[in-house]
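Data from input.cif: mmCIF, C-alpha atoms
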```cif
data_model
#
loop_
_atom_site.group_PDB
_atom_site.id
_atom_site.type_symbol
_atom_site.label_atom_id
_atom_site.label_comp_id
_atom_site.auth_asym_id
_atom_site.auth_seq_id
_atom_site.Cartn_x
_atom_site.Cartn_y
_atom_site.Cartn_z
ATOM 1 C CA MET A 1 45.451 98.349 -3.478
ATOM 2 C CA THR A 2 47.013 98.090 -6.920
ATOM 3 C CA ARG A 3 50.299 96.894 -5.419
ATOM 4 C CA ILE A 4 48.500 94.285 -3.306
ATOM 5 C CA ALA A 5 46.509 93.015 -6.288
ATOM 6 C CA THR A 6 49.593 92.893 -8.471
ATOM 7 C CA ALA A 7 51.560 90.988 -5.829
ATOM 8 C CA ALA A 8 48.729 88.490 -5.412
ATOM 9 C CA ALA A 9 48.525 87.991 -9.162
ATOM 10 C CA ALA A 10 52.274 87.483 -9.383
ATOM 11 C CA GLN A 11 52.119 84.931 -6.551
ATOM 12 C CA THR A 12 49.345 83.054 -8.359
ATOM 13 C CA ALA A 13 51.344 83.097 -11.586
ATOM 14 C CA LEU A 14 54.387 81.743 -9.717
ATOM 15 C CA MET A 15 52.291 78.909 -8.262
ATOM 16 C CA ASP A 16 50.984 78.094 -11.740
ATOM 17 C CA LEU A 17 54.550 78.079 -13.078
ATOM 18 C CA MET A 18 55.728 75.718 -10.346
ATOM 19 C CA LYS A 19 52.745 73.424 -10.924
ATOM 20 C CA ALA A 20 53.433 73.333 -14.665
ATOM 21 C CA GLN A 21 57.123 72.574 -14.060
ATOM 22 C CA ARG A 22 56.131 69.735 -11.743
ATOM 23 C CA SER A 23 53.845 68.353 -14.428
ATOM 24 C CA VAL A 24 56.678 68.541 -16.967
ATOM 25 C CA PHE A 25 58.966 66.645 -14.574
ATOM 26 C CA GLU A 26 56.410 63.917 -13.841
ATOM 27 C CA SER A 27 55.399 63.346 -17.459
ATOM 28 C CA GLN A 28 59.039 63.360 -18.570
ATOM 29 C CA GLN A 29 59.847 60.799 -15.882
ATOM 30 C CA GLN A 30 56.993 58.596 -17.101
ATOM 31 C CA LEU A 31 58.293 58.813 -20.656
ATOM 32 C CA THR A 32 61.801 57.894 -19.471
ATOM 33 C CA THR A 33 60.892 54.999 -17.138
ATOM 34 C CA GLY A 34 57.611 53.834 -18.645
ATOM 35 C CA LYS A 35 56.146 53.794 -15.123
ATOM 36 C CA LEU A 36 53.399 55.903 -13.562
ATOM 37 C CA ASN A 37 55.543 56.404 -10.454
ATOM 38 C CA PRO A 38 59.266 55.980 -9.766
ATOM 39 C CA ASP A 39 58.581 53.758 -6.739
ATOM 40 C CA LEU A 40 55.757 52.313 -4.646
ATOM 41 C CA LYS A 41 55.617 55.464 -2.502
ATOM 42 C CA GLY A 42 53.870 57.274 -5.293
ATOM 43 C CA ALA A 43 51.487 54.434 -6.091
ATOM 44 C CA GLY A 44 49.076 55.301 -3.283
ATOM 45 C CA HIS A 45 46.346 52.760 -2.708
ATOM 46 C CA ARG A 46 47.748 50.586 -5.527
ATOM 47 C CA ALA A 47 51.019 49.996 -3.680
ATOM 48 C CA GLU A 48 49.810 46.967 -1.712
ATOM 49 C CA SER A 49 48.317 45.321 -4.799
ATOM 50 C CA ILE A 50 51.497 45.913 -6.800
ATOM 51 C CA SER A 51 53.698 44.542 -4.015
ATOM 52 C CA THR A 52 51.515 41.440 -3.643
ATOM 53 C CA ALA A 53 51.507 40.860 -7.406
ATOM 54 C CA TYR A 54 55.309 41.127 -7.551
ATOM 55 C CA GLY A 55 55.657 38.555 -4.769
ATOM 56 C CA ALA A 56 53.267 36.136 -6.479
ATOM 57 C CA ARG A 57 55.037 36.570 -9.816
ATOM 58 C CA ASP A 58 58.457 35.961 -8.266
ATOM 59 C CA ARG A 59 57.175 32.726 -6.686
ATOM 60 C CA ALA A 60 55.678 31.589 -9.997
ATOM 61 C CA GLU A 61 58.950 32.267 -11.828
ATOM 62 C CA SER A 62 60.893 30.455 -9.096
ATOM 63 C CA TYR A 63 58.602 27.414 -9.317
ATOM 64 C CA LYS A 64 58.862 27.477 -13.105
ATOM 65 C CA PHE A 65 62.664 27.499 -12.915
ATOM 66 C CA SER A 66 62.578 24.638 -10.399
ATOM 67 C CA ALA A 67 60.229 22.628 -12.623
ATOM 68 C CA GLU A 68 62.484 23.212 -15.634
ATOM 69 C CA ARG A 69 65.474 21.892 -13.700
ATOM 70 C CA VAL A 70 63.450 18.873 -12.569
ATOM 71 C CA GLY A 71 62.370 18.307 -16.179
ATOM 72 C CA THR A 72 65.984 18.342 -17.345
ATOM 73 C CA ARG A 73 66.936 15.912 -14.591
ATOM 74 C CA MET A 74 64.143 13.588 -15.706
ATOM 75 C CA ASP A 75 65.352 13.834 -19.308
ATOM 76 C CA VAL A 76 68.793 12.724 -18.119
ATOM 77 C CA THR A 77 67.176 9.929 -16.092
ATOM 78 C CA ALA A 78 65.208 8.784 -19.146
ATOM 79 C CA LEU A 79 68.415 8.551 -21.170
ATOM 80 C CA ALA A 80 70.095 6.561 -18.395
ATOM 81 C CA LEU A 81 67.157 4.158 -18.231
ATOM 82 C CA GLU A 82 67.332 3.759 -21.988
ATOM 83 C CA ASN A 83 70.993 2.731 -21.672
ATOM 84 C CA LEU A 84 70.116 0.370 -18.837
ATOM 85 C CA THR A 85 67.411 -1.175 -21.018
ATOM 86 C CA GLU A 86 69.943 -1.643 -23.807
ATOM 87 C CA ALA A 87 72.313 -3.372 -21.385
ATOM 88 C CA ALA A 88 69.578 -5.846 -20.399
ATOM 89 C CA THR A 89 68.760 -6.447 -24.054
ATOM 90 C CA ASP A 90 72.420 -6.997 -24.955
ATOM 91 C CA LEU A 91 72.759 -9.538 -22.138
ATOM 92 C CA ARG A 92 69.616 -11.400 -23.169
ATOM 93 C CA VAL A 93 70.672 -11.554 -26.828
ATOM 94 C CA ALA A 94 74.155 -12.779 -25.885
ATOM 95 C CA MET A 95 72.629 -15.600 -23.832
ATOM 96 C CA THR A 96 70.830 -16.939 -26.904
ATOM 97 C CA THR A 97 74.124 -17.812 -28.620
ATOM 98 C CA ILE A 98 76.116 -21.024 -28.195
ATOM 99 C CA ASP A 99 79.568 -19.435 -27.889
ATOM 100 C CA GLY A 100 80.570 -19.080 -24.236
ATOM 101 C CA THR A 101 83.472 -16.746 -25.003
ATOM 102 C CA TYR A 102 81.207 -14.387 -26.893
ATOM 103 C CA ILE A 103 78.608 -14.522 -24.105
ATOM 104 C CA MET A 104 81.068 -13.476 -21.413
ATOM 105 C CA ASN A 105 82.627 -10.748 -23.546
ATOM 106 C CA GLN A 106 79.181 -9.317 -24.224
ATOM 107 C CA ALA A 107 78.252 -9.715 -20.574
ATOM 108 C CA ARG A 108 81.245 -7.609 -19.504
ATOM 109 C CA GLU A 109 80.343 -4.908 -22.034
ATOM 110 C CA ALA A 110 76.686 -4.977 -20.980
ATOM 111 C CA PHE A 111 77.698 -4.751 -17.307
ATOM 112 C CA GLU A 112 79.862 -1.706 -18.026
ATOM 113 C CA LYS A 113 76.979 -0.064 -19.913
ATOM 114 C CA ALA A 114 74.595 -0.798 -17.027
ATOM 115 C CA ARG A 115 77.073 0.471 -14.446
ATOM 116 C CA ASN A 116 77.648 3.700 -16.389
ATOM 117 C CA ALA A 117 73.895 4.215 -16.670
ATOM 118 C CA ILE A 118 73.417 3.813 -12.920
ATOM 119 C CA SER A 119 76.374 6.188 -12.351
ATOM 120 C CA THR A 120 74.812 8.959 -14.459
ATOM 121 C CA GLN A 121 75.304 12.452 -13.070
ATOM 122 C CA TYR A 122 73.382 15.694 -13.470
ATOM 123 C CA ALA A 123 74.422 19.101 -12.104
ATOM 124 C CA GLY A 124 77.231 17.492 -10.119
ATOM 125 C CA GLY A 125 75.064 14.855 -8.421
ATOM 126 C CA TYR A 126 74.190 11.219 -9.134
ATOM 127 C CA VAL A 127 70.637 10.960 -10.452
ATOM 128 C CA PHE A 128 70.089 7.486 -8.970
ATOM 129 C CA GLY A 129 71.602 8.330 -5.595
ATOM 130 C CA GLY A 130 68.350 9.432 -3.981
ATOM 131 C CA THR A 131 68.972 12.096 -1.361
ATOM 132 C CA ARG A 132 72.633 11.046 -1.313
ATOM 133 C CA THR A 133 74.014 12.628 -4.462
ATOM 134 C CA ASP A 134 77.719 12.931 -3.623
ATOM 135 C CA THR A 135 78.594 9.226 -3.877
ATOM 136 C CA ASN A 136 78.385 6.892 -6.844
ATOM 137 C CA PRO A 137 75.314 4.744 -6.036
ATOM 138 C CA ILE A 138 76.944 1.542 -7.308
ATOM 139 C CA SER A 139 80.240 0.349 -5.861
ATOM 140 C CA ALA A 140 80.899 -2.632 -8.156
ATOM 141 C CA THR A 141 83.266 -1.866 -11.014
ATOM 142 C CA SER A 142 83.529 -5.368 -12.493
ATOM 143 C CA LEU A 143 81.819 -8.735 -12.598
ATOM 144 C CA ALA A 144 84.383 -9.917 -10.041
ATOM 145 C CA ASP A 145 83.087 -7.291 -7.597
ATOM 146 C CA LEU A 146 79.596 -8.698 -8.048
ATOM 147 C CA VAL A 147 80.824 -12.214 -7.327
ATOM 148 C CA ALA A 148 82.545 -11.012 -4.164
ATOM 149 C CA ALA A 149 79.431 -9.237 -2.864
ATOM 150 C CA PRO A 150 77.094 -11.201 -0.566
ATOM 151 C CA SER A 151 74.162 -10.203 -2.769
ATOM 152 C CA ALA A 152 73.509 -7.920 -5.718
ATOM 153 C CA ASN A 153 71.781 -5.423 -3.457
ATOM 154 C CA ASP A 154 74.995 -5.005 -1.441
ATOM 155 C CA VAL A 155 76.736 -3.177 -4.305
ATOM 156 C CA PHE A 156 74.257 -0.265 -4.125
ATOM 157 C CA VAL A 157 74.999 2.652 -1.785
ATOM 158 C CA ASN A 158 72.150 5.000 -2.634
ATOM 159 C CA SER A 159 69.889 6.422 0.073
ATOM 160 C CA SER A 160 66.514 4.848 0.752
ATOM 161 C CA ARG A 161 64.586 8.050 -0.063
ATOM 162 C CA ARG A 162 63.885 9.615 -3.400
ATOM 163 C CA PRO A 163 64.544 13.369 -3.600
ATOM 164 C CA VAL A 164 61.523 15.673 -3.849
ATOM 165 C CA ALA A 165 61.019 19.139 -5.297
ATOM 166 C CA LYS A 166 58.454 21.801 -4.435
ATOM 167 C CA LEU A 167 56.788 22.901 -7.661
ATOM 168 C CA ASP A 168 53.934 24.965 -6.226
ATOM 169 C CA ASP A 169 52.721 26.229 -2.866
ATOM 170 C CA GLN A 170 50.738 23.002 -2.436
ATOM 171 C CA ILE A 171 52.627 20.547 -4.677
ATOM 172 C CA THR A 172 55.770 18.509 -4.000
ATOM 173 C CA LEU A 173 56.960 15.824 -6.383
ATOM 174 C CA GLU A 174 59.432 12.943 -6.247
ATOM 175 C CA VAL A 175 62.023 13.789 -8.875
ATOM 176 C CA GLY A 176 64.341 10.805 -8.972
ATOM 177 C CA LEU A 177 64.681 7.041 -9.024
ATOM 178 C CA LEU A 178 66.937 4.914 -6.847
ATOM 179 C CA ALA A 179 69.843 2.843 -8.108
ATOM 180 C CA ASP A 180 68.723 -0.346 -6.349
ATOM 181 C CA GLU A 181 65.186 0.072 -7.728
ATOM 182 C CA ALA A 182 66.461 0.307 -11.286
ATOM 183 C CA GLY A 183 69.487 -1.949 -11.161
ATOM 184 C CA GLU A 184 69.081 -4.711 -8.581
ATOM 185 C CA ASP A 185 67.416 -7.226 -10.903
ATOM 186 C CA ILE A 186 69.860 -6.723 -13.784
ATOM 187 C CA MET A 187 72.872 -6.751 -11.465
ATOM 188 C CA ALA A 188 71.575 -9.942 -9.884
ATOM 189 C CA ALA A 189 71.481 -11.483 -13.375
ATOM 190 C CA PHE A 190 75.075 -10.394 -14.023
ATOM 191 C CA LYS A 191 76.113 -11.797 -10.629
ATOM 192 C CA ARG A 192 74.508 -15.201 -11.256
ATOM 193 C CA LEU A 193 76.126 -15.418 -14.691
ATOM 194 C CA ALA A 194 79.556 -14.506 -13.329
ATOM 195 C CA GLU A 195 79.170 -16.986 -10.453
ATOM 196 C CA PHE A 196 78.174 -19.743 -12.875
ATOM 197 C CA ASP A 197 81.177 -18.929 -15.064
ATOM 198 C CA ALA A 198 83.459 -19.193 -12.003
ATOM 199 C CA GLY A 199 81.702 -22.304 -10.656
ATOM 200 C CA PRO A 200 82.036 -26.046 -11.282
ATOM 201 C CA ASN A 201 80.053 -25.874 -14.548
ATOM 202 C CA GLY A 202 82.244 -23.065 -15.934
ATOM 203 C CA PRO A 203 83.980 -21.422 -17.444
ATOM 204 C CA LEU A 204 81.854 -20.194 -20.307
ATOM 205 C CA ASP A 205 84.580 -20.498 -22.910
ATOM 206 C CA GLY A 206 84.066 -21.803 -26.412
ATOM 207 C CA PRO A 207 81.128 -24.051 -27.355
ATOM 208 C CA LEU A 208 78.548 -24.509 -24.623
ATOM 209 C CA THR A 209 77.941 -27.767 -22.832
ATOM 210 C CA ASP A 210 74.435 -29.090 -22.341
ATOM 211 C CA ALA A 211 74.486 -28.015 -18.702
ATOM 212 C CA GLN A 212 75.568 -24.530 -19.679
ATOM 213 C CA GLN A 213 72.852 -24.233 -22.328
ATOM 214 C CA THR A 214 70.219 -25.400 -19.851
ATOM 215 C CA TYR A 215 71.354 -22.826 -17.304
ATOM 216 C CA LEU A 216 71.348 -19.981 -19.818
ATOM 217 C CA GLN A 217 67.892 -20.869 -21.139
ATOM 218 C CA GLY A 218 66.517 -20.632 -17.623
ATOM 219 C CA GLU A 219 68.417 -17.427 -16.850
ATOM 220 C CA ILE A 220 67.004 -15.607 -19.888
ATOM 221 C CA ALA A 221 63.650 -15.422 -18.085
ATOM 222 C CA ASN A 222 65.332 -13.604 -15.180
ATOM 223 C CA VAL A 223 66.917 -11.093 -17.558
ATOM 224 C CA LEU A 224 63.491 -10.479 -19.088
ATOM 225 C CA THR A 225 62.131 -9.817 -15.598
ATOM 226 C CA ALA A 226 64.899 -7.261 -15.080
ATOM 227 C CA PHE A 227 64.052 -5.723 -18.453
ATOM 228 C CA ASP A 228 60.384 -5.448 -17.465
ATOM 229 C CA ARG A 229 61.320 -3.767 -14.172
ATOM 230 C CA ILE A 230 63.380 -1.155 -15.983
ATOM 231 C CA SER A 231 60.550 -0.629 -18.476
ATOM 232 C CA ASP A 232 58.144 0.034 -15.595
ATOM 233 C CA LEU A 233 60.487 2.740 -14.301
ATOM 234 C CA VAL A 234 60.731 4.226 -17.795
ATOM 235 C CA GLY A 235 56.953 4.559 -17.784
ATOM 236 C CA GLU A 236 56.926 6.021 -14.271
ATOM 237 C CA ASN A 237 59.588 8.568 -15.177
ATOM 238 C CA GLY A 238 57.689 9.476 -18.350
ATOM 239 C CA ALA A 239 54.481 10.088 -16.413
ATOM 240 C CA GLN A 240 56.350 12.359 -14.021
ATOM 241 C CA GLN A 241 57.932 14.167 -16.972
ATOM 242 C CA SER A 242 54.470 14.940 -18.358
ATOM 243 C CA ARG A 243 53.362 16.292 -15.005
ATOM 244 C CA VAL A 244 56.466 18.465 -14.699
ATOM 245 C CA GLU A 245 55.993 19.829 -18.227
ATOM 246 C CA SER A 246 52.449 20.764 -17.239
ATOM 247 C CA MET A 247 53.791 22.559 -14.160
ATOM 248 C CA VAL A 248 56.311 24.500 -16.241
ATOM 249 C CA LYS A 249 53.536 25.647 -18.560
ATOM 250 C CA SER A 250 51.176 26.459 -15.684
ATOM 251 C CA GLN A 251 53.729 28.492 -13.732
ATOM 252 C CA GLY A 252 54.796 30.283 -16.904
ATOM 253 C CA GLN A 253 51.212 31.274 -17.647
ATOM 254 C CA LYS A 254 50.761 32.440 -14.056
ATOM 255 C CA ALA A 255 53.918 34.558 -14.233
ATOM 256 C CA ASP A 256 52.816 36.077 -17.554
ATOM 257 C CA TYR A 257 49.377 36.943 -16.157
ATOM 258 C CA LEU A 258 50.880 38.578 -13.077
ATOM 259 C CA THR A 259 53.343 40.524 -15.235
ATOM 260 C CA SER A 260 50.395 41.847 -17.246
ATOM 261 C CA LEU A 261 48.527 42.682 -14.038
ATOM 262 C CA ILE A 262 51.525 44.567 -12.669
ATOM 263 C CA GLY A 263 51.826 46.444 -15.934
ATOM 264 C CA GLY A 264 48.209 47.540 -15.691
ATOM 265 C CA LEU A 265 48.830 48.858 -12.190
ATOM 266 C CA GLU A 266 52.135 50.659 -12.667
ATOM 267 C CA ASP A 267 52.903 51.139 -16.372
ATOM 268 C CA ALA A 268 52.317 54.552 -17.887
ATOM 269 C CA ASP A 269 50.250 55.186 -21.022
ATOM 270 C CA MET A 270 53.092 56.455 -23.179
ATOM 271 C CA ALA A 271 50.859 58.276 -25.659
ATOM 272 C CA ALA A 272 48.988 60.023 -22.858
ATOM 273 C CA ALA A 273 52.284 60.832 -21.099
ATOM 274 C CA ALA A 274 53.649 62.385 -24.281
ATOM 275 C CA THR A 275 50.507 64.512 -24.632
ATOM 276 C CA ARG A 276 50.723 65.612 -21.005
ATOM 277 C CA PHE A 277 54.389 66.477 -21.482
ATOM 278 C CA GLN A 278 53.634 68.722 -24.450
ATOM 279 C CA GLN A 279 50.730 70.360 -22.644
ATOM 280 C CA ALA A 280 52.858 70.874 -19.533
ATOM 281 C CA GLN A 281 55.651 72.452 -21.567
ATOM 282 C CA THR A 282 53.142 74.849 -23.103
ATOM 283 C CA ALA A 283 51.784 75.639 -19.640
ATOM 284 C CA VAL A 284 55.307 76.346 -18.387
ATOM 285 C CA ASP A 285 55.923 78.782 -21.240
ATOM 286 C CA VAL A 286 52.634 80.601 -20.661
ATOM 287 C CA SER A 287 53.060 80.697 -16.883
ATOM 288 C CA ALA A 288 56.645 81.919 -17.201
ATOM 289 C CA ARG A 289 55.627 84.784 -19.515
ATOM 290 C CA THR A 290 52.694 85.723 -17.278
ATOM 291 C CA PHE A 291 54.865 85.718 -14.169
ATOM 292 C CA SER A 292 57.507 87.790 -15.952
ATOM 293 C CA VAL A 293 54.932 90.405 -17.043
ATOM 294 C CA LEU A 294 53.345 90.643 -13.600
ATOM 295 C CA SER A 295 56.729 90.887 -11.917
ATOM 296 C CA GLN A 296 57.519 94.014 -13.963
ATOM 297 C CA VAL A 297 54.188 95.824 -13.493
ATOM 298 C CA SER A 298 54.665 99.453 -12.293
ATOM 299 C CA LEU A 299 52.438 102.530 -11.883
ATOM 300 C CA LEU A 300 55.136 104.871 -13.176
ATOM 301 C CA PRO A 301 53.943 104.824 -16.800
ATOM 302 C CA PHE A 302 50.498 105.912 -15.621
ATOM 303 C CA LEU A 303 51.846 108.780 -13.435
ATOM 304 C CA ARG A 304 53.838 110.513 -16.147
#
```
Serialized structure, structure tokens:
Amino acid sequence: MTRIATAAAAQTALMDLMKAQRSVFESQQQLTTGKLNPDLKGAGHRAESISTAYGARDRAESYKFSAERVGTRMDVTALALENLTEAATDLRVAMTTIDGTYIMNQAREAFEKARNAISTQYAGGYVFGGTRTDTNPISATSLADLVAAPSANDVFVNSSRRPVAKLDDQITLEVGLLADEAGEDIMAAFKRLAEFDAGPNGPLDGPLTDAQQTYLQGEIANVLTAFDRISDLVGENGAQQSRVESMVKSQGQKADYLTSLIGGLEDADMAAAATRFQQAQTAVDVSARTFSVLSQVSLLPFLR
């Protein structure tokens, strides 16, 4: 009976030792990884919630990144529109002078500024190209090209659709402007000026004639119309920028909340883990000594 009892006690002590060693391993792992469990297998009933939260957070971070890229594109678009506005202003101011040579020189410079603005690129694509981003949306490279074109609209080769971006599960947003929307009116003004210069009342060279002054005074109103059109697009782009900035903030807050939620589900309490580790180490020492003593128990000392 004594041998049976001793064997049972030793078996119990061994089980306690193994349990304590397991506790040491688990608490040490928590201290090393900062997680309650090494993977979702050990999360039990929390596994589904953790997995769902990770998926939602990844989507929020993806939408945030997309919105940030859209925001940068709109910043580039705003700068291009600013340059296009300056080109219209330069043309209008030049038309108020009485020196034809100066007017045409300024017109060529303003055209080049407008063309460069419409040809603006971002991330390897043309921002005014619509869904067609691989081709420069304006084909004219000089005032002569405008004169040769049947109409100002014929020099634009952008697509007819603005690109869109998905910024949330339920939200898509147009993220670009089209070259013909922004540039048709100003290019039409350049074309009319170049055609007049090449026509029977031209060239615009030196002091202006009465006919030339009359034409230019009337054409200034058309340049102002082009300026107003560009200004409307500046406002539209700005409104979209504000909306995108709001989406970046919203998705960032969502991602932060979900990160906190995930932490609450799977992060270990480091102070508690450290306490459990110390307690488990103590339990291992005690269990090991107890098992060692019981393993060496013998009746021989009592039979002598």
Could you tell me which residues the PyMOL selection byres ((chain A and resi 119-134) around 7) grabs in this file, written as a ChimeraX atom specification?
-> /A:73,77,80,115-118,135-138,158-163,176-179
Extract, using all atoms listed in the file, all DNA, RNA and protein residues at most 12 Å from Tyr54 of chain A, discarding same-chain residues fewer than 2 positions from it, and format them as a list in words.
-> Leu40, Ala47, Glu48, Ser49, Ile50, Ser51, Thr52, Ala56, Arg57, Asp58, Arg59, Ala60, Glu61, Lys254, Ala255, Asp256, Tyr257, Leu258, Thr259, Ser260, Leu261, Ile262, Gly263, Leu265 and Glu266 of chain A
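The two atoms in question, atom CA of Asp169 of chain A and atom CA of Glu236 of chain A, are spaced 23.6 Å apart.
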Any idea what the distance is between atom CA of Gly238 of chain A and atom CA of Ala226 of chain A?
->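 So the two atoms, atom CA of Gly238 of chain A and atom CA of Ala226 of chain A, lie 18.5 Å apart.
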Starting from the shown file, work through the PyMOL selection byres ((chain A and resi 167) around 10) and note down what comes out as an MDAnalysis selection string.
-> chainID A and resid 59:60 62:68 70 164:166 168:173 244 247:248 251
Enter the distance from atom CA of Arg108 of chain A to atom CA of Ala149 of chain A, in Å, rounded to one decimal.
-> 16.8 Å
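Selection by the PyMOL selection byres ((chain A and resi 217) around 12) on the present file picks out Arg92, Val93, Ala94, Met95, Thr96, Thr97, Ile98, Leu193, Leu208, Asp210, Ala211, Gln212, Gln213, Thr214, Tyr215, Leu216, Gly218, Glu219, Ile220, Ala221, Asn222, Val223 and Leu224 of chain A.
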What would the list of residues within 8 Å of (70.8, -2.9, -10.7) (file frame) look like as a VMD selection string, if all atoms listed in the file are what count?
-> chain A and resid 114 118 152 to 153 156 179 to 188
